[in-house]
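Enquirer: The structure file model_39.cif (mmCIF, C-alpha atoms and all ligand atoms) is provided below.
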```
data_coords
loop_
_atom_site.label_atom_id
_atom_site.label_comp_id
_atom_site.auth_asym_id
_atom_site.auth_seq_id
_atom_site.Cartn_x
_atom_site.Cartn_y
_atom_site.Cartn_z
CA MET A 424 0.00 0.00 0.00
CA GLY A 425 2.53 2.67 0.99
CA ILE A 426 0.66 4.97 3.34
CA ARG A 427 2.93 7.68 4.68
CA ILE A 428 3.04 11.22 6.00
CA ALA A 429 3.55 13.14 2.78
CA GLY A 430 3.60 16.61 4.33
CA THR A 431 3.38 18.44 7.62
CA GLY A 432 2.41 21.98 8.59
CA SER A 433 1.84 24.05 11.68
CA TYR A 434 0.50 27.41 12.70
CA VAL A 435 0.74 29.44 15.88
CA PRO A 436 -0.87 32.84 16.46
CA GLU A 437 1.31 35.94 16.43
CA LYS A 438 0.52 37.21 19.90
CA ILE A 439 2.96 36.08 22.57
CA ARG A 440 2.06 35.98 26.27
CA THR A 441 5.20 35.69 28.38
CA ASN A 442 5.61 34.54 31.95
CA ALA A 443 6.18 38.20 32.86
CA ASP A 444 2.74 38.98 31.40
CA LEU A 445 1.24 36.28 33.65
CA GLU A 446 2.87 37.85 36.71
CA LYS A 447 0.43 40.73 36.15
CA LEU A 448 -2.59 38.39 36.08
CA VAL A 449 -1.97 35.91 38.91
CA ASP A 450 0.33 35.40 41.91
CA THR A 451 3.18 33.65 40.10
CA ASN A 452 6.65 34.37 38.79
CA ASP A 453 8.80 33.57 35.79
CA GLU A 454 11.28 31.48 37.79
CA TRP A 455 8.54 29.24 39.26
CA ILE A 456 6.94 28.65 35.86
CA ARG A 457 10.25 27.92 34.11
CA THR A 458 11.53 25.50 36.72
CA ARG A 459 8.22 23.67 37.32
CA THR A 460 7.02 23.51 33.70
CA GLY A 461 9.71 24.65 31.23
CA VAL A 462 7.26 27.12 29.66
CA GLU A 463 8.64 30.58 28.89
CA GLU A 464 5.90 31.93 26.64
CA ARG A 465 2.76 30.79 24.86
CA ARG A 466 0.77 32.00 21.83
CA ILE A 467 -2.68 33.53 22.19
CA ALA A 468 -5.11 33.49 19.25
CA ALA A 469 -6.80 36.70 18.14
CA ALA A 470 -10.55 37.10 18.57
CA ASP A 471 -11.18 36.15 14.94
CA GLU A 472 -8.89 33.09 15.06
CA THR A 473 -10.51 29.75 15.89
CA ALA A 474 -9.69 26.06 15.84
CA SER A 475 -10.76 25.91 12.17
CA THR A 476 -8.81 28.97 10.98
CA MET A 477 -5.66 27.70 12.70
CA ALA A 478 -6.19 24.19 11.29
CA ILE A 479 -6.60 25.68 7.80
CA ALA A 480 -3.39 27.73 8.11
CA ALA A 481 -1.46 24.63 9.21
CA ALA A 482 -3.11 22.44 6.56
CA GLU A 483 -2.14 24.86 3.76
CA LYS A 484 1.50 24.30 4.67
CA ALA A 485 1.10 20.52 4.90
CA LEU A 486 -0.57 20.41 1.47
CA ALA A 487 2.12 22.63 -0.05
CA THR A 488 4.87 20.38 1.36
CA ALA A 489 3.12 17.29 0.01
CA GLY A 490 2.35 18.95 -3.31
CA VAL A 491 -1.33 18.04 -3.00
CA ASP A 492 -4.26 20.24 -4.08
CA GLY A 493 -6.78 20.77 -1.27
CA ARG A 494 -9.58 19.68 -3.62
CA ASP A 495 -8.01 16.19 -3.69
CA ILE A 496 -8.45 15.53 0.04
CA ASP A 497 -10.69 12.49 0.60
CA ALA A 498 -11.21 12.76 4.36
CA ILE A 499 -10.47 15.22 7.15
CA VAL A 500 -10.05 14.48 10.85
CA VAL A 501 -9.69 17.42 13.21
CA ALA A 502 -8.61 16.63 16.76
CA THR A 503 -9.85 19.40 19.01
CA ILE A 504 -11.41 20.14 22.39
CA SER A 505 -12.14 23.74 21.42
CA PRO A 506 -14.21 23.37 18.24
CA ASP A 507 -15.59 26.52 16.59
CA TYR A 508 -19.11 25.23 17.32
CA ILE A 509 -20.73 22.30 19.14
CA PHE A 510 -21.84 21.52 15.61
CA PRO A 511 -21.14 21.65 12.70
CA ASN A 512 -17.82 19.96 13.24
CA THR A 513 -14.57 21.83 12.75
CA ALA A 514 -13.47 19.46 9.99
CA ALA A 515 -16.44 20.56 7.87
CA LEU A 516 -15.26 24.16 8.09
CA VAL A 517 -11.80 23.06 6.95
CA GLN A 518 -13.43 21.09 4.13
CA HIS A 519 -15.38 24.16 2.99
CA HIS A 520 -12.18 26.19 2.81
CA PHE A 521 -10.41 23.64 0.63
CA GLN A 522 -13.49 22.96 -1.50
CA CYS A 523 -13.01 19.19 -1.26
CA ARG A 524 -16.73 18.67 -1.42
CA GLN A 525 -16.90 14.90 -1.28
CA ALA A 526 -14.58 14.57 1.69
CA PHE A 527 -15.73 12.67 4.77
CA CYS A 528 -15.24 14.95 7.80
CA PHE A 529 -15.35 14.61 11.55
CA ASP A 530 -13.82 15.93 14.77
CA LEU A 531 -12.10 13.70 17.27
CA SER A 532 -12.11 14.54 20.97
CA ALA A 533 -9.25 12.97 22.91
CA ALA A 534 -7.73 16.13 24.41
CA CYS A 535 -3.94 16.02 24.37
CA ALA A 536 -3.99 12.50 22.89
CA GLY A 537 -6.02 13.86 19.95
CA PHE A 538 -3.32 14.10 17.32
CA VAL A 539 -2.02 10.55 17.76
CA SER A 540 -5.60 9.23 17.96
CA SER A 541 -6.44 11.03 14.71
CA LEU A 542 -3.39 9.60 12.98
CA GLU A 543 -4.54 6.13 14.05
CA VAL A 544 -8.03 6.75 12.64
CA GLY A 545 -6.66 8.32 9.44
CA PHE A 546 -4.29 5.43 8.80
CA SER A 547 -7.08 2.94 9.59
CA LEU A 548 -9.48 4.51 7.09
CA MET A 549 -6.83 4.35 4.40
CA ARG A 550 -5.94 0.74 5.14
CA SER A 551 -9.60 -0.33 5.23
CA PHE A 552 -10.69 1.49 2.07
CA PRO A 553 -7.56 2.14 -0.02
CA LYS A 554 -9.50 3.10 -3.14
CA LYS A 555 -11.69 5.62 -1.33
CA TYR A 556 -9.09 7.33 0.85
CA ARG A 557 -5.85 8.27 -0.89
CA ASN A 558 -5.28 11.65 0.77
CA VAL A 559 -6.38 12.09 4.39
CA LEU A 560 -5.78 15.33 6.25
CA VAL A 561 -5.14 14.94 9.98
CA CYS A 562 -5.22 18.14 12.05
CA GLY A 563 -4.82 18.94 15.72
CA ALA A 564 -6.08 22.42 16.57
CA ASP A 565 -6.89 24.06 19.86
CA LYS A 566 -7.68 27.54 21.14
CA LEU A 567 -7.23 26.74 24.80
CA SER A 568 -6.90 30.41 25.73
CA VAL A 569 -10.72 30.57 25.75
CA LEU A 570 -10.98 27.51 28.04
CA VAL A 571 -8.33 28.59 30.54
CA ASP A 572 -9.26 30.45 33.72
CA TRP A 573 -6.81 33.35 33.64
CA THR A 574 -7.36 33.83 37.39
CA ASP A 575 -6.23 30.28 38.23
CA ARG A 576 -2.44 30.08 38.59
CA ASN A 577 -2.53 26.28 38.76
CA THR A 578 -3.60 26.00 35.13
CA CYS A 579 -3.20 29.30 33.25
CA ILE A 580 0.58 29.05 33.17
CA LEU A 581 0.51 25.83 31.16
CA PHE A 582 -1.59 26.27 28.04
CA GLY A 583 -1.44 27.99 24.64
CA ASP A 584 -3.02 28.05 21.17
CA GLY A 585 -1.99 26.53 17.83
CA ALA A 586 -2.47 23.87 15.18
CA GLY A 587 -0.46 21.09 13.56
CA CYS A 588 -1.33 18.96 10.52
CA ALA A 589 -0.15 15.90 8.65
CA LEU A 590 -1.25 14.93 5.17
CA LEU A 591 -1.44 11.14 4.92
CA GLN A 592 -1.06 9.79 1.43
CA ASN A 593 -1.36 6.34 -0.08
CA ASP A 594 1.10 6.36 -2.96
CA GLY A 595 -0.35 3.12 -4.32
CA THR A 596 3.01 1.37 -4.40
CA ASP A 597 4.17 -1.86 -2.76
CA SER A 598 6.27 0.04 -0.22
CA PRO A 599 5.36 -0.68 3.41
CA ASP A 600 3.08 1.65 5.37
CA SER A 601 4.90 4.07 7.62
CA ILE A 602 2.89 3.17 10.72
CA LEU A 603 4.62 0.21 12.36
CA ALA A 604 2.73 -0.11 15.64
CA SER A 605 0.49 1.79 17.99
CA SER A 606 -0.79 1.39 21.51
CA LEU A 607 -3.71 3.65 22.41
CA HIS A 608 -5.71 3.53 25.63
CA ALA A 609 -8.37 5.32 27.67
CA ASP A 610 -9.70 5.17 31.21
CA GLY A 611 -12.96 7.00 31.88
CA GLY A 612 -12.56 6.51 35.62
CA TYR A 613 -10.43 9.63 35.96
CA THR A 614 -12.80 12.35 34.77
CA ASP A 615 -12.27 14.36 37.96
CA VAL A 616 -8.53 14.67 37.38
CA LEU A 617 -8.76 16.75 34.20
CA ARG A 618 -11.93 18.23 32.72
CA ILE A 619 -14.18 21.16 31.85
CA PRO A 620 -17.26 20.61 34.02
CA ALA A 621 -19.86 22.74 32.16
CA GLY A 622 -21.04 23.39 28.64
CA GLY A 623 -22.11 19.89 27.71
CA SER A 624 -25.29 17.93 28.42
CA HIS A 625 -24.10 17.11 31.94
CA MET A 626 -24.07 20.77 33.02
CA PRO A 627 -25.50 23.00 30.31
CA ALA A 628 -24.53 26.67 30.27
CA SER A 629 -26.45 28.69 32.84
CA HIS A 630 -25.88 31.85 34.85
CA GLU A 631 -24.75 29.62 37.72
CA SER A 632 -22.26 27.70 35.59
CA VAL A 633 -20.75 30.93 34.28
CA TRP A 634 -20.57 32.62 37.70
CA GLY A 635 -19.13 29.40 39.15
CA ARG A 636 -16.34 29.45 36.50
CA LYS A 637 -17.34 25.94 35.47
CA HIS A 638 -16.55 26.45 31.77
CA PHE A 639 -12.81 26.41 32.41
CA ILE A 640 -10.18 23.67 32.68
CA TYR A 641 -9.98 21.95 36.08
CA MET A 642 -6.91 19.88 36.77
CA GLU A 643 -5.30 17.98 39.60
CA GLY A 644 -1.73 18.76 38.62
CA ARG A 645 0.28 16.30 40.68
CA GLU A 646 -1.95 13.32 39.89
CA THR A 647 -2.00 14.25 36.18
CA PHE A 648 1.79 14.44 36.21
CA ARG A 649 2.18 10.95 37.69
CA LEU A 650 -0.40 9.35 35.39
CA ALA A 651 1.06 11.09 32.33
CA VAL A 652 4.58 9.75 32.87
CA ASN A 653 3.31 6.21 33.53
CA GLY A 654 0.95 6.19 30.54
CA MET A 655 3.45 7.63 28.08
CA VAL A 656 6.20 5.24 29.14
CA SER A 657 4.08 2.07 29.19
CA SER A 658 2.38 2.76 25.84
CA SER A 659 5.74 3.62 24.25
CA GLU A 660 7.17 0.33 25.45
CA GLU A 661 4.11 -1.53 24.15
CA ALA A 662 4.35 0.07 20.69
CA MET A 663 8.09 -0.65 20.43
CA ALA A 664 7.60 -4.25 21.59
CA MET A 665 4.84 -4.77 18.97
CA ALA A 666 7.17 -3.56 16.22
CA GLY A 667 10.18 -5.45 17.59
CA VAL A 668 12.12 -2.19 17.87
CA THR A 669 14.36 -1.00 20.69
CA ILE A 670 14.68 2.59 21.83
CA ASP A 671 18.23 2.78 20.43
CA GLN A 672 16.79 2.40 16.94
CA VAL A 673 14.40 5.34 17.38
CA SER A 674 15.80 8.56 15.89
CA LEU A 675 13.41 10.92 17.65
CA VAL A 676 10.76 10.69 20.35
CA ILE A 677 8.04 13.33 19.94
CA PRO A 678 6.19 13.55 23.24
CA HIS A 679 3.07 15.58 23.94
CA GLN A 680 4.29 18.91 25.28
CA ALA A 681 2.64 19.03 28.72
CA ASN A 682 5.53 19.90 31.01
CA ARG A 683 9.31 19.80 30.43
CA ARG A 684 9.69 17.70 33.58
CA ILE A 685 7.20 15.14 32.19
CA ILE A 686 9.22 14.97 28.95
CA GLN A 687 12.46 14.55 30.91
CA ALA A 688 10.96 11.84 33.13
CA VAL A 689 9.59 9.94 30.12
CA ALA A 690 12.93 10.20 28.30
CA LYS A 691 14.80 8.97 31.36
CA ARG A 692 12.52 5.98 31.91
CA LEU A 693 12.64 5.04 28.23
CA GLY A 694 16.43 5.33 28.31
CA VAL A 695 16.61 7.98 25.61
CA SER A 696 18.95 10.96 25.81
CA GLU A 697 17.23 14.34 26.09
CA ASP A 698 18.49 15.46 22.68
CA ARG A 699 16.43 12.65 21.12
CA ALA A 700 13.23 13.76 22.93
CA PHE A 701 11.79 16.74 21.06
CA CYS A 702 10.85 19.72 23.21
CA ASN A 703 9.42 23.09 22.15
CA ILE A 704 7.28 23.68 25.24
CA GLN A 705 9.32 26.77 26.10
CA HIS A 706 7.74 28.60 23.14
CA TYR A 707 4.16 27.34 23.08
CA GLY A 708 3.22 25.70 26.39
CA ASN A 709 0.70 22.88 26.11
CA THR A 710 -1.39 23.26 22.94
CA SER A 711 -3.34 20.03 23.64
CA SER A 712 -4.55 18.36 20.42
CA ALA A 713 -2.06 20.43 18.41
CA SER A 714 1.14 19.81 20.33
CA ILE A 715 2.49 16.69 18.62
CA GLY A 716 1.48 18.02 15.18
CA ILE A 717 3.35 21.28 15.77
CA ALA A 718 6.37 19.41 17.16
CA LEU A 719 6.40 16.99 14.21
CA ASP A 720 6.34 19.84 11.71
CA GLU A 721 9.10 21.75 13.50
CA ALA A 722 11.23 18.61 13.77
CA CYS A 723 10.84 17.95 10.02
CA ARG A 724 11.63 21.53 9.04
CA ALA A 725 14.65 21.61 11.37
CA GLY A 726 16.01 18.49 9.67
CA ARG A 727 15.72 16.43 12.83
CA ILE A 728 13.70 13.77 10.97
CA LYS A 729 14.72 12.27 7.64
CA ARG A 730 12.85 9.87 5.40
CA GLY A 731 13.32 6.34 6.75
CA ASP A 732 13.88 7.41 10.38
CA LEU A 733 11.98 5.69 13.17
CA VAL A 734 9.90 8.23 15.09
CA LEU A 735 7.93 7.55 18.27
CA PHE A 736 4.94 9.74 19.19
CA THR A 737 3.72 9.52 22.77
CA SER A 738 0.73 11.34 24.19
CA PHE A 739 -1.43 11.78 27.28
CA GLY A 740 -4.51 13.84 28.04
CA GLY A 741 -7.95 14.26 29.57
CA GLY A 742 -10.30 11.32 29.28
CA LEU A 743 -8.03 9.96 30.39
CA ALA A 744 -6.71 9.13 26.94
CA TRP A 745 -3.13 8.21 26.16
CA GLY A 746 -1.09 6.30 23.66
CA SER A 747 1.98 5.96 21.51
CA MET A 748 2.67 5.30 17.85
CA LEU A 749 5.83 4.19 16.09
CA ILE A 750 6.29 5.22 12.47
CA ARG A 751 8.99 4.92 9.85
CA PHE A 752 8.88 8.44 8.47
N1 LIG A 801 3.09 30.05 40.61
C1 LIG A 801 3.59 29.98 41.84
N2 LIG A 801 3.24 29.00 42.71
C2 LIG A 801 2.35 28.10 42.29
C3 LIG A 801 1.78 28.13 41.01
C4 LIG A 801 2.18 29.17 40.16
N3 LIG A 801 1.70 29.29 38.92
N4 LIG A 801 0.92 27.10 40.87
C5 LIG A 801 0.96 26.43 42.03
N5 LIG A 801 1.81 27.03 42.88
C6 LIG A 801 2.15 26.64 44.26
C7 LIG A 801 1.09 25.73 44.86
O1 LIG A 801 0.04 26.51 45.41
C8 LIG A 801 1.88 25.00 45.90
O2 LIG A 801 2.02 25.84 47.02
P1 LIG A 801 1.95 25.22 48.50
O3 LIG A 801 3.10 24.23 48.58
O4 LIG A 801 2.12 26.41 49.35
O5 LIG A 801 0.62 24.57 48.58
C9 LIG A 801 3.26 24.85 45.26
O6 LIG A 801 3.31 25.83 44.24
C10 LIG A 801 3.50 23.47 44.68
O7 LIG A 801 2.36 23.11 43.93
P2 LIG A 801 2.28 21.73 43.16
O8 LIG A 801 0.93 21.61 42.54
O9 LIG A 801 2.73 20.63 44.05
O10 LIG A 801 3.40 21.95 42.06
P3 LIG A 801 3.95 20.94 41.01
O11 LIG A 801 5.40 20.82 41.15
O12 LIG A 801 3.15 19.65 40.98
O13 LIG A 801 3.67 21.70 39.65
C11 LIG A 801 2.15 21.61 37.81
C12 LIG A 801 2.36 22.00 39.27
C13 LIG A 801 0.72 21.92 37.43
C14 LIG A 801 3.09 22.46 36.98
C15 LIG A 801 2.50 20.12 37.62
O14 LIG A 801 1.84 19.34 38.59
C16 LIG A 801 2.12 19.62 36.26
O15 LIG A 801 2.65 20.04 35.26
N6 LIG A 801 1.20 18.63 36.21
C17 LIG A 801 0.79 18.05 34.95
C18 LIG A 801 -0.11 19.03 34.25
C19 LIG A 801 -0.44 18.59 32.86
O16 LIG A 801 0.42 18.12 32.17
N7 LIG A 801 -1.68 18.79 32.44
C20 LIG A 801 -2.12 18.52 31.14
C21 LIG A 801 -2.03 17.07 30.85
S1 LIG A 801 -2.23 16.78 29.19
#
```
As a first step, turn the structure in this file into structure tokens.
Ligand code: COA
Expert:
Amino acid sequence: MGIRIAGTGSYVPEKIRTNADLEKLVDTNDEWIRTRTGVEERRIAAADETASTMAIAAAEKALATAGVDGRDIDAIVVATISPDYIFPNTAALVQHHFQCRQAFCFDLSAACAGFVSSLEVGFSLMRSFPKKYRNVLVCGADKLSVLVDWTDRNTCILFGDGAGCALLQNDGTDSPDSILASSLHADGGYTDVLRIPAGGSHMPASHESVWGRKHFIYMEGRETFRLAVNGMVSSSEEAMAMAGVTIDQVSLVIPHQANRRIIQAVAKRLGVSEDRAFCNIQHYGNTSSASIGIALDEACRAGRIKRGDLVLFTSFGGGLAWGSMLIRF
């Protein structure tokens, strides 16, 4: 079959919010944020920027890299927890922009595990129906700045906005698919650890929900940290074992960018040197569904990934949802 990532792209908004800016909003300081999280600044989307506009900007770059016309996209998956609307889905808005009118479109909600989950679904569609799906656009896009409580120092320091995309293409040759193995999991028993309580059918928007600040991200930081390291390490080991690959053979690990200390702990437990664990959290913070897509694109453009390299994605997020995927780029 020969399904591979033919192009990548990313987009981050222009506006930068530094740690010094946050010192004016909450009782925190640059030194605390840097040492506890590794974040130095994050991007904040403008009022007229949304998950779909950021996904489109990233997708344009992915299509250009792949040399594919947007009208030739057969399916679009957008991973997001900050869709433009409850419905229609964000992917449909991306589809409208590219005028790929027949394309099958849907959003995927797996929080920070969204990009890897969407890659899994995209690859699966292409393997199941190779004639129908030759070009599948996978996007991760989030505008978390509208879901963050900018009066809560426990969470507002962590998150930022952006989008990352990968264009999956079946070149129709006998070459092997680039996805070698994946290990994705979820555990719905941890909804209290990481969630947005209101805005869905459980707690619809009301005056009380707004006054109670229930439309913002709630997180138990320490517990999330512990679960994230365990989940990313175990799923990485599972994916590598499935493919019969050892960590020494992996050129680059691209972890979800949640906290520099999480990335360091995962790298240490996997036995990979820090220079082989990609980190750009200092610039963007945690962009949730977008983080691995942005990191993948930056790694490609910086020449840190070459065709044929083994690359390991590992992710963790609300749900809980976590998982890893090993690809030969
Ligand atoms: N600035 C200054 N002090 C802060 C602070 C801030 N922004 N946020 C919390 N603190 C304080 C706490 O109130 C606490 O004070 P206390 O000891 O007087 O009670 C102290 O710092 C330590 O808090 P703690 O929560 O134990 O810090 P931590 O080392 O666990 O770091 C996180 C907090 C949130 C950075 C860390 O737990 C984390 O990154 N967790 C994972 C989050 C994540 O990845 N979420 C998304 C998953 S996809």
Enquirer: Hey, could you make a per-residue contact list for region 594-656 of chain A against region 488-508 of chain A with 12 Å as the cut-off, showing the nearest pair of atoms and its distance in Å to one decimal, counting all atoms listed in the file, sorted by chain and number, as JSON lines?
Expert:
```
{"residue": "A:Asp594", "atom": "CA", "partner": "A:Ala489", "partner_atom": "CA", "distance": 11.5}
{"residue": "A:Arg618", "atom": "CA", "partner": "A:Ile504", "partner_atom": "CA", "distance": 10.5}
{"residue": "A:Ile619", "atom": "CA", "partner": "A:Ile504", "partner_atom": "CA", "distance": 9.9}
{"residue": "A:Gly622", "atom": "CA", "partner": "A:Ser505", "partner_atom": "CA", "distance": 11.5}
{"residue": "A:Gly623", "atom": "CA", "partner": "A:Ile504", "partner_atom": "CA", "distance": 12.0}
{"residue": "A:His638", "atom": "CA", "partner": "A:Ser505", "partner_atom": "CA", "distance": 11.6}
{"residue": "A:Phe639", "atom": "CA", "partner": "A:Ser505", "partner_atom": "CA", "distance": 11.3}
{"residue": "A:Ile640", "atom": "CA", "partner": "A:Ile504", "partner_atom": "CA", "distance": 10.9}
```
Enquirer: Can you list every residue of region 424-480 of chain A that has an atom at most 10 Å from region 711-714 of chain A, with its nearest atom pair and the distance in Å to one decimal, using all atoms listed in the file, ordered by chain then number, as a tab-separated table?
Expert:
```
residue	atom	partner	partner_atom	distance
A:Ser433	CA	A:Ala713	CA	8.6
A:Tyr434	CA	A:Ala713	CA	9.4
A:Val435	CA	A:Ala713	CA	9.8
A:Ala474	CA	A:Ala713	CA	9.8
A:Met477	CA	A:Ala713	CA	9.9
A:Ala478	CA	A:Ala713	CA	9.0
```
Enquirer: Could the residues that lie within 6 Å of ligand LIG 801 (chain A), counting all atoms listed in the file, be listed as an MDAnalysis selection string?
Expert: chainID A and resid 451:452 455 459:460 535 576:577 580 644:645 647:648 681:682 739:740
Enquirer: Can you tell me, as a list in words, what residues are no more than 9 Å from Ala485 (chain A) when counting all atoms listed in the file, ignoring any on the same chain fewer than 6 positions away?
Expert: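 Once the nearby chain positions are removed, what remains is Ala429, Gly430, Thr431, Gly432, Ser433, Val491, Leu560, Gly587, Cys588, Ala589, Leu590 and Asp720 of chain A.
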Enquirer: How would you write as a PyMOL selection string the residues that get within 12 Å of (10.4, 21.6, 12.1) in the file's frame, counting all atoms listed in the file?
Expert: chain A and resi 430-434+484-485+587+677+701-703+715-729
Enquirer: Could you work out how far CA of Leu591 (chain A) lies from CA of Ile426 (chain A), giving the answer in Å with one decimal?
Expert: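 Interatomic distance, CA of Ile426 (chain A) to CA of Leu591 (chain A): 6.7 Å.
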